[in-house]
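Student: Questions regarding the structure given below will be posed in turn.
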Amino acid sequence: MNGTHSASGTTHPPTPVKADPDADILLALAGGDTAALATLMDRHLALIKTTARYMLGDEMMAEDIAQEVFLRAWKQAPNWQPGQAKFSTWLHRVAKNLCYDRLRKKKETYLEVVPDMVDNRPEALQTLEASQNHAAQKTKIEHAMATLPERQRMAITLCHYRELSQLEAADIMEVGVRAYESLLARARKNLRTQLQSHKSALLEN
Amino acid sequence: MSKMNQNRIQELINAYGADTHRWPQTERQAGQAWLADFPDKSQKLLAEADALDQILDAAPTSASDISFLQARILKAAQNTPQDGISAVMVVNDTAPMPAKTNMLASWKSVAATLMLTTGIGFGIGQAAAADTNYASAEALLSISMQSDYGEADLFGDLNGDGL
């Protein structure tokens, strides 16, 4: 690809590719060396899985996505053409696309798991209540994230949780930096609206 | 240092939040200087964004050990042939790439060059297309490489959240 395309069809100049930090293992990976795959995972698996976890709100699904990403890297490594983008950017784009696809298939299901109350002592009940409150607050945040359009969710994940640079995140999302910024602003505005009524309780926790 | 004014500061806060280390590197220093120069205004502008940042920080994190997942992926990879390599070839995962495969890679390189010169390239966008729903997107993308209509456009159409 010669550049990043925006939704309006405008072509952005490609981000210049500096030396790929994974260049040292790509040849071995293309040659079927599983040690190279292990090294690649040491470098990127945790981050890919974290991104998928925030996008999907589900640990098991995040693991499935991560596995698929690295198996595709493994399978397609012999076809890799250096110089187009960093290999890690390619990995994140695959993860992004798989997450988008999974979100489209996923039905909204929110199951509230209430622990069995076997200890009726006041202090135990207090601890349980605090734990349930904490879990409920987290669920509210996850729910607010889940209601975001997928690209806004990806933008906030890459910026807030992954703390990627503006250029790197825009590159992964295949949009220009202004479009990325716009997605972020809309994501934060939507989250503020969603969480407004719970703000005090959330901040207390 | 880039120019900074209240409008841009507001835009940065709206997009990236109150923590300036998440701001674009090219504007961070100028932004921090502006915030220091106008503490009263800054406090007002940052307050709401800071509250949202704190709330987002409380979201559940992925804390599980990934060593099991890594082992699972490695095992799956050992049973997964790479493109251009037969299943038999990956049984011995420490074996170097067979000469036959190198020849195939060379052939692919020549073919790719020919394809690029005719405007039908295999690019990262195509390689990154995911899952079955993207099969049609991949097919479209090969056309898009010639028609200046890229993968982001396809996502834009599919997402419907308007950019």
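The way I read the labels, and the way they are meant: chains A, B, ... in the order of the structure tokens, residue 1 as the first residue of every chain, and ligand 1 as the first ligand shown, with later ones counted on from there.
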List as a Markdown table every residue of chain A that is in contact with chain B, defined as an atom at most 6 Å from one of its atoms (using only C-alpha atoms), together with the nearest atom pair and the distance in Å rounded to one decimal, sorted by chain and then rising number.

Tutor:
```
| residue | atom | partner | partner_atom | distance |
| --- | --- | --- | --- | --- |
| A:Met1 | CA | B:Gly123 | CA | 5.0 |
| A:His5 | CA | B:Gly150 | CA | 5.4 |
| A:Ser6 | CA | B:Ala152 | CA | 6.0 |
| A:Ala7 | CA | B:Asp153 | CA | 4.6 |
| A:Gly31 | CA | B:Met97 | CA | 4.5 |
| A:Asp33 | CA | B:Thr94 | CA | 5.7 |
| A:Thr50 | CA | B:Ser62 | CA | 5.8 |
| A:Gln67 | CA | B:Ile73 | CA | 5.7 |
| A:Lys75 | CA | B:Gln82 | CA | 3.9 |
| A:Gln76 | CA | B:Asp83 | CA | 5.7 |
| A:Arg93 | CA | B:Ala128 | CA | 5.8 |
| A:Val94 | CA | B:Ala128 | CA | 4.7 |
| A:Asn97 | CA | B:Ala130 | CA | 5.3 |
| A:Leu98 | CA | B:Ala130 | CA | 5.4 |
| A:Lys138 | CA | B:Ala59 | CA | 5.4 |
| A:Ile141 | CA | B:Ala59 | CA | 6.0 |
| A:Gln166 | CA | B:Pro24 | CA | 5.6 |
| A:Glu174 | CA | B:Ala152 | CA | 5.8 |
| A:Glu181 | CA | B:Ala15 | CA | 5.7 |
| A:Leu184 | CA | B:Ala15 | CA | 4.8 |
| A:Ala185 | CA | B:Ala15 | CA | 3.9 |
```

Student: Return as a PyMOL selection string the full set of residues in range 14-108 of chain A whose backbone-based DSSP assignment is helix (DSSP H, G or I).

Tutor: chain A and resi 23-30+34-56+59-79+87-105

Student: With C-alpha atoms kept, could you save the residues just selected as a PDB file, in the first residue's frame?

Tutor:
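Ended up saving to result-v8.pdb:
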```pdb
ATOM      1  CA  ALA A  23      13.846  -7.339  11.355  1.00  0.00           C
ATOM      2  CA  ASP A  24      16.297  -9.542  13.262  1.00  0.00           C
ATOM      3  CA  ILE A  25      13.823 -12.427  13.527  1.00  0.00           C
ATOM      4  CA  LEU A  26      11.664 -12.080  10.412  1.00  0.00           C
ATOM      5  CA  LEU A  27      13.949 -14.140   8.194  1.00  0.00           C
ATOM      6  CA  ALA A  28      14.023 -16.970  10.711  1.00  0.00           C
ATOM      7  CA  LEU A  29      10.271 -16.715  11.132  1.00  0.00           C
ATOM      8  CA  ALA A  30       9.799 -16.963   7.374  1.00  0.00           C
ATOM      9  CA  THR A  34       9.394 -21.548  16.015  1.00  0.00           C
ATOM     10  CA  ALA A  35      12.027 -19.984  18.279  1.00  0.00           C
ATOM     11  CA  ALA A  36      11.589 -16.819  16.216  1.00  0.00           C
ATOM     12  CA  LEU A  37       7.847 -17.050  16.754  1.00  0.00           C
ATOM     13  CA  ALA A  38       8.458 -17.368  20.496  1.00  0.00           C
ATOM     14  CA  THR A  39      10.637 -14.256  20.406  1.00  0.00           C
ATOM     15  CA  LEU A  40       7.986 -12.405  18.442  1.00  0.00           C
ATOM     16  CA  MET A  41       5.445 -13.356  21.092  1.00  0.00           C
ATOM     17  CA  ASP A  42       7.772 -12.269  23.894  1.00  0.00           C
ATOM     18  CA  ARG A  43       7.771  -8.850  22.262  1.00  0.00           C
ATOM     19  CA  HIS A  44       4.152  -8.425  21.256  1.00  0.00           C
ATOM     20  CA  LEU A  45       1.791 -11.062  22.646  1.00  0.00           C
ATOM     21  CA  ALA A  46       0.949  -9.287  25.903  1.00  0.00           C
ATOM     22  CA  LEU A  47       0.182  -6.008  24.132  1.00  0.00           C
ATOM     23  CA  ILE A  48      -1.903  -7.644  21.423  1.00  0.00           C
ATOM     24  CA  LYS A  49      -3.881  -9.546  24.021  1.00  0.00           C
ATOM     25  CA  THR A  50      -4.370  -6.429  26.143  1.00  0.00           C
ATOM     26  CA  THR A  51      -5.722  -4.526  23.163  1.00  0.00           C
ATOM     27  CA  ALA A  52      -8.138  -7.343  22.346  1.00  0.00           C
ATOM     28  CA  ARG A  53      -9.175  -7.543  26.010  1.00  0.00           C
ATOM     29  CA  TYR A  54     -10.122  -3.879  26.080  1.00  0.00           C
ATOM     30  CA  MET A  55     -11.844  -4.104  22.731  1.00  0.00           C
ATOM     31  CA  LEU A  56     -13.884  -7.221  23.502  1.00  0.00           C
ATOM     32  CA  GLU A  59     -10.448 -12.655  28.439  1.00  0.00           C
ATOM     33  CA  MET A  60     -11.104 -15.868  26.504  1.00  0.00           C
ATOM     34  CA  MET A  61     -12.010 -14.054  23.322  1.00  0.00           C
ATOM     35  CA  ALA A  62      -8.917 -11.897  23.689  1.00  0.00           C
ATOM     36  CA  GLU A  63      -6.771 -15.039  23.902  1.00  0.00           C
ATOM     37  CA  ASP A  64      -8.436 -16.474  20.806  1.00  0.00           C
ATOM     38  CA  ILE A  65      -7.774 -13.260  18.904  1.00  0.00           C
ATOM     39  CA  ALA A  66      -4.143 -13.204  20.040  1.00  0.00           C
ATOM     40  CA  GLN A  67      -3.673 -16.806  18.936  1.00  0.00           C
ATOM     41  CA  GLU A  68      -5.172 -16.098  15.535  1.00  0.00           C
ATOM     42  CA  VAL A  69      -2.950 -13.040  15.066  1.00  0.00           C
ATOM     43  CA  PHE A  70       0.249 -14.973  15.723  1.00  0.00           C
ATOM     44  CA  LEU A  71      -0.803 -17.965  13.672  1.00  0.00           C
ATOM     45  CA  ARG A  72      -1.431 -15.629  10.740  1.00  0.00           C
ATOM     46  CA  ALA A  73       1.971 -14.082  11.309  1.00  0.00           C
ATOM     47  CA  TRP A  74       3.462 -17.561  11.289  1.00  0.00           C
ATOM     48  CA  LYS A  75       1.629 -18.659   8.150  1.00  0.00           C
ATOM     49  CA  GLN A  76       2.186 -15.487   6.196  1.00  0.00           C
ATOM     50  CA  ALA A  77       5.749 -14.736   7.272  1.00  0.00           C
ATOM     51  CA  PRO A  78       7.234 -16.113   4.003  1.00  0.00           C
ATOM     52  CA  ASN A  79       5.179 -13.501   2.103  1.00  0.00           C
ATOM     53  CA  PHE A  87       5.849  -5.916  11.284  1.00  0.00           C
ATOM     54  CA  SER A  88       4.333  -4.962  14.645  1.00  0.00           C
ATOM     55  CA  THR A  89       1.998  -2.524  12.855  1.00  0.00           C
ATOM     56  CA  TRP A  90       0.849  -5.387  10.651  1.00  0.00           C
ATOM     57  CA  LEU A  91       0.229  -7.528  13.744  1.00  0.00           C
ATOM     58  CA  HIS A  92      -1.860  -4.801  15.351  1.00  0.00           C
ATOM     59  CA  ARG A  93      -3.852  -4.250  12.183  1.00  0.00           C
ATOM     60  CA  VAL A  94      -4.692  -7.931  12.002  1.00  0.00           C
ATOM     61  CA  ALA A  95      -5.721  -7.816  15.674  1.00  0.00           C
ATOM     62  CA  LYS A  96      -7.831  -4.734  15.033  1.00  0.00           C
ATOM     63  CA  ASN A  97      -9.627  -6.346  12.092  1.00  0.00           C
ATOM     64  CA  LEU A  98     -10.242  -9.573  14.007  1.00  0.00           C
ATOM     65  CA  CYS A  99     -11.663  -7.589  16.938  1.00  0.00           C
ATOM     66  CA  TYR A 100     -13.959  -5.610  14.640  1.00  0.00           C
ATOM     67  CA  ASP A 101     -15.137  -8.825  13.068  1.00  0.00           C
ATOM     68  CA  ARG A 102     -15.720 -10.494  16.420  1.00  0.00           C
ATOM     69  CA  LEU A 103     -17.638  -7.474  17.702  1.00  0.00           C
ATOM     70  CA  ARG A 104     -19.987  -7.685  14.777  1.00  0.00           C
ATOM     71  CA  LYS A 105     -20.719 -11.311  15.578  1.00  0.00           C
TER      72      LYS A 105
END
```

Student: If you count only C-alpha atoms, which residues fall within 9 Å of range 3-9 of chain B, apart from same-chain ones fewer than 5 positions away, as a ChimeraX atom specification?

Tutor: /B:14,27,30-31,33-35,41-42,45

Student: Filtering to C-alpha atoms, could you give me those residues as a compact mmCIF listing (two decimals), in the first residue's frame?

Tutor:
```txt
# COMPACT_ATOMS: atom_id res chain seq x y z
CA ASN B 14 -10.86 16.59 24.42
CA GLU B 27 2.78 19.51 20.73
CA ALA B 30 4.19 23.73 23.93
CA GLY B 31 1.03 22.41 25.58
CA ALA B 33 4.17 25.47 28.70
CA TRP B 34 0.72 26.90 27.96
CA LEU B 35 -0.80 25.04 30.93
CA LYS B 41 -7.69 28.36 32.87
CA SER B 42 -5.81 25.09 32.81
CA LEU B 45 -10.04 22.81 31.24
```
